[in-house]
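> Quick one: this structure, given as structure tokens, is what I'll be asking you about.
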Amino acid sequence: MTIEVALHRPTITLKLATSLDARIATVTGASKWITGPQSRAEVHRMRAAHDAVLTGIGTVLADDPELTARLEPMPARQPWRVVLDRQGRLPLDSKLIQTTDRAGLIWCTASEVAAVAPGGGRPIHHHRVGASKAGPKGLDLHEVLRLLTDTYDIKTLMVEAGPILATAFLRAGLVDQIAWFRAPLLLGGDGRSVFDSLDVEELSQAWVLHQTDHIRFGRDVLDRFDVSPT
Ligand SMILES: NC(=O)c1ccc[n+]([C@@H]2O[C@H](COP(=O)([O-])OP(=O)(O)OC[C@H]3O[C@@H](n4cnc5c(N)ncnc54)[C@H](OP(=O)(O)O)[C@@H]3O)[C@@H](O)[C@H]2O)c1
């Protein structure tokens with residue numbers, strides 16, 4: 001039985017791109033580009049291979065990503081883009097809103113938002129979702145995943161988010177695989193870590209990953225892991 005049938009949610013891959021010491025940004029927040037062009041091209045192939053790509057509003061406000069699969073030739077089908085934005089802060093001039101002609105946008109907030117005319121011309125799929133009952137403030141991830149399964153038939157989801165949402169997915173036991181690009185750079189302990197606290201006090205509480213692949217992309221490596229629930 002597949003994960004999506006057994007758990008009534010998509011199969012979830014968490015994509016990370018970091019320095020060798022697991023930093024996503026320097027102490028001043030500089031983050032573009034840690035990994036090289038070959039890795040970034042592979043990320044576009046990965047987006048094209050998933051039904052949807054999900055991010056948090058923190059990443060949108062920091063990077064203004066388009067989250068489309070930009071390949072040559074362009075893929076016949078683009079993934080849905082999903083943004084989790086409890087407070088409805090998605091900027092009207094963001095690339096996500098301005099490119100709805102290229103790929104669908106699912107905008108999840110905790111409250112109603114004013115009607116937005118998308119720059120790309122196609123409607124934005126806005127949904128109200130309940131607040132998370134556990135962990136940091138945010139939307140209820142289980143409700144989001146039910147919505148993606150029931151309303152959009154999304155079976156494969158790639159999470160491309162910053163440390164806050166990446167940690168929330170992991171801690172909720174909602175990550176099946178990690179695809180981790182690492183560049184041979186050291187940013188030091190004052191750079192921003194790829195994860196926030198995982199509340200690991202004893203080594204016996206550490207998350208155990210099972211490596212399934214190791215591929216070079218230029219100077220970077222991509223390691224793939226299966227994640228076991230602890
Ligand atoms: N290297 C990489 O792989 C990679 C990938 C993506 C981003 N980044 C970097 O990550 C940084 C942004 O990261 P970030 O951690 O600040 O932002 P984030 O993880 O992208 O988004 C976090 C926000 O999502 C919202 N959210 C909604 N539901 C949530 C839930 N259940 N749990 C947690 N958050 C939820 C919260 O804002 P509300 O409460 O307002 O909704 C939260 O503050 C940027 O510097 C970006 O460049 C790196």
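Going by the structure tokens order, chains are called A, B, ..., each with residues numbered from 1, while ligands are numbered from 1 in the order shown.
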Could you give me, as a count of residues only, the residues within 9 Å of Leu90 in chain A, counting only C-alpha atoms and dropping anything in the same chain fewer than 5 positions from it?
8
> I'd like to know which residues of range 95-220 of chain A are alpha helix (DSSP H) (by DSSP, run on the backbone); could you write them as a list in words?
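Taking range 95-220 of chain A and keeping alpha helix (DSSP H) gives Lys95, Leu96, Ile97, Gln98, Leu141, His142, Glu143, Val144, Leu145, Arg146, Leu147, Leu148, Thr149, Asp150, Thr151, Tyr152, Pro163, Ile164, Leu165, Ala166, Thr167, Ala168, Phe169, Leu170 and Arg171 of chain A.
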> Taking N, CA and C atoms for each residue, export the selection above as a compact mmCIF listing (two decimals), in the first residue's frame.

# COMPACT_ATOMS: atom_id res chain seq x y z
N LYS A 95 6.39 36.89 -6.86
CA LYS A 95 6.43 36.07 -8.09
C LYS A 95 5.37 34.98 -8.03
N LEU A 96 5.07 34.45 -6.84
CA LEU A 96 4.04 33.39 -6.75
C LEU A 96 2.71 33.90 -7.31
N ILE A 97 2.34 35.13 -6.93
CA ILE A 97 1.06 35.68 -7.39
C ILE A 97 1.16 36.13 -8.85
N GLN A 98 2.33 36.60 -9.24
CA GLN A 98 2.48 37.16 -10.59
C GLN A 98 2.65 36.10 -11.68
N LEU A 141 -0.66 21.41 9.91
CA LEU A 141 -0.07 20.73 8.75
C LEU A 141 -0.90 19.54 8.30
N HIS A 142 -1.51 18.83 9.24
CA HIS A 142 -2.33 17.67 8.87
C HIS A 142 -3.53 18.12 8.04
N GLU A 143 -4.12 19.25 8.45
CA GLU A 143 -5.28 19.76 7.69
C GLU A 143 -4.85 20.21 6.29
N VAL A 144 -3.68 20.84 6.21
CA VAL A 144 -3.17 21.25 4.89
C VAL A 144 -3.01 20.02 4.00
N LEU A 145 -2.42 18.96 4.55
CA LEU A 145 -2.15 17.78 3.74
C LEU A 145 -3.44 17.07 3.33
N ARG A 146 -4.44 17.10 4.22
CA ARG A 146 -5.75 16.53 3.85
C ARG A 146 -6.35 17.30 2.69
N LEU A 147 -6.23 18.63 2.77
CA LEU A 147 -6.74 19.49 1.69
C LEU A 147 -6.04 19.16 0.36
N LEU A 148 -4.72 19.03 0.41
CA LEU A 148 -3.98 18.78 -0.82
C LEU A 148 -4.35 17.42 -1.41
N THR A 149 -4.62 16.46 -0.54
CA THR A 149 -5.00 15.12 -1.00
C THR A 149 -6.42 15.12 -1.54
N ASP A 150 -7.36 15.64 -0.75
CA ASP A 150 -8.78 15.51 -1.09
C ASP A 150 -9.19 16.43 -2.23
N THR A 151 -8.70 17.66 -2.23
CA THR A 151 -9.17 18.65 -3.21
C THR A 151 -8.32 18.66 -4.47
N TYR A 152 -7.03 18.37 -4.32
CA TYR A 152 -6.14 18.53 -5.48
C TYR A 152 -5.50 17.21 -5.93
N PRO A 163 14.19 26.92 7.83
CA PRO A 163 14.32 26.11 9.03
C PRO A 163 13.03 25.97 9.84
N ILE A 164 12.20 27.02 9.90
CA ILE A 164 11.01 26.96 10.76
C ILE A 164 10.05 25.88 10.26
N LEU A 165 9.71 25.92 8.99
CA LEU A 165 8.74 24.97 8.46
C LEU A 165 9.36 23.58 8.24
N ALA A 166 10.64 23.56 7.83
CA ALA A 166 11.32 22.26 7.66
C ALA A 166 11.31 21.51 8.99
N THR A 167 11.60 22.23 10.07
CA THR A 167 11.62 21.60 11.40
C THR A 167 10.22 21.17 11.80
N ALA A 168 9.22 22.00 11.49
CA ALA A 168 7.84 21.65 11.87
C ALA A 168 7.39 20.37 11.16
N PHE A 169 7.71 20.24 9.87
CA PHE A 169 7.34 19.01 9.14
C PHE A 169 8.05 17.80 9.75
N LEU A 170 9.34 17.96 10.03
CA LEU A 170 10.10 16.83 10.56
C LEU A 170 9.55 16.41 11.92
N ARG A 171 9.34 17.40 12.79
CA ARG A 171 8.88 17.08 14.15
C ARG A 171 7.48 16.49 14.16
> For Met74 in chain A, please output as a ChimeraX atom specification all residues within 12 Å (counting only C-alpha atoms; exclusion window: fewer than 5 positions along the same chain).
/A:44-45,47-48,68-69,102-103
> Using only C-alpha atoms and all ligand atoms, what are the residues with an atom within 6 Å of ligand 1, set out as a PyMOL selection string?
chain A and resi 16-18+24+31+55-59+62-63+84-87+132+136-141+160-166+168
> Which residues are close to range 203-216 of chain A, i.e. within 6 Å by only C-alpha atoms, leaving aside same-chain residues fewer than 3 positions away? Reply as number ranges by chain.
A: 200, 220-227
> Tell me which of A:Thr99, A:Thr11, A:Arg128, A:Asp190 sits closest to Asp64 in chain A, counting only C-alpha atoms.
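Between A:Thr99, A:Thr11, A:Arg128, A:Asp190, the residue approaching Asp64 in chain A most closely is A:Thr99.
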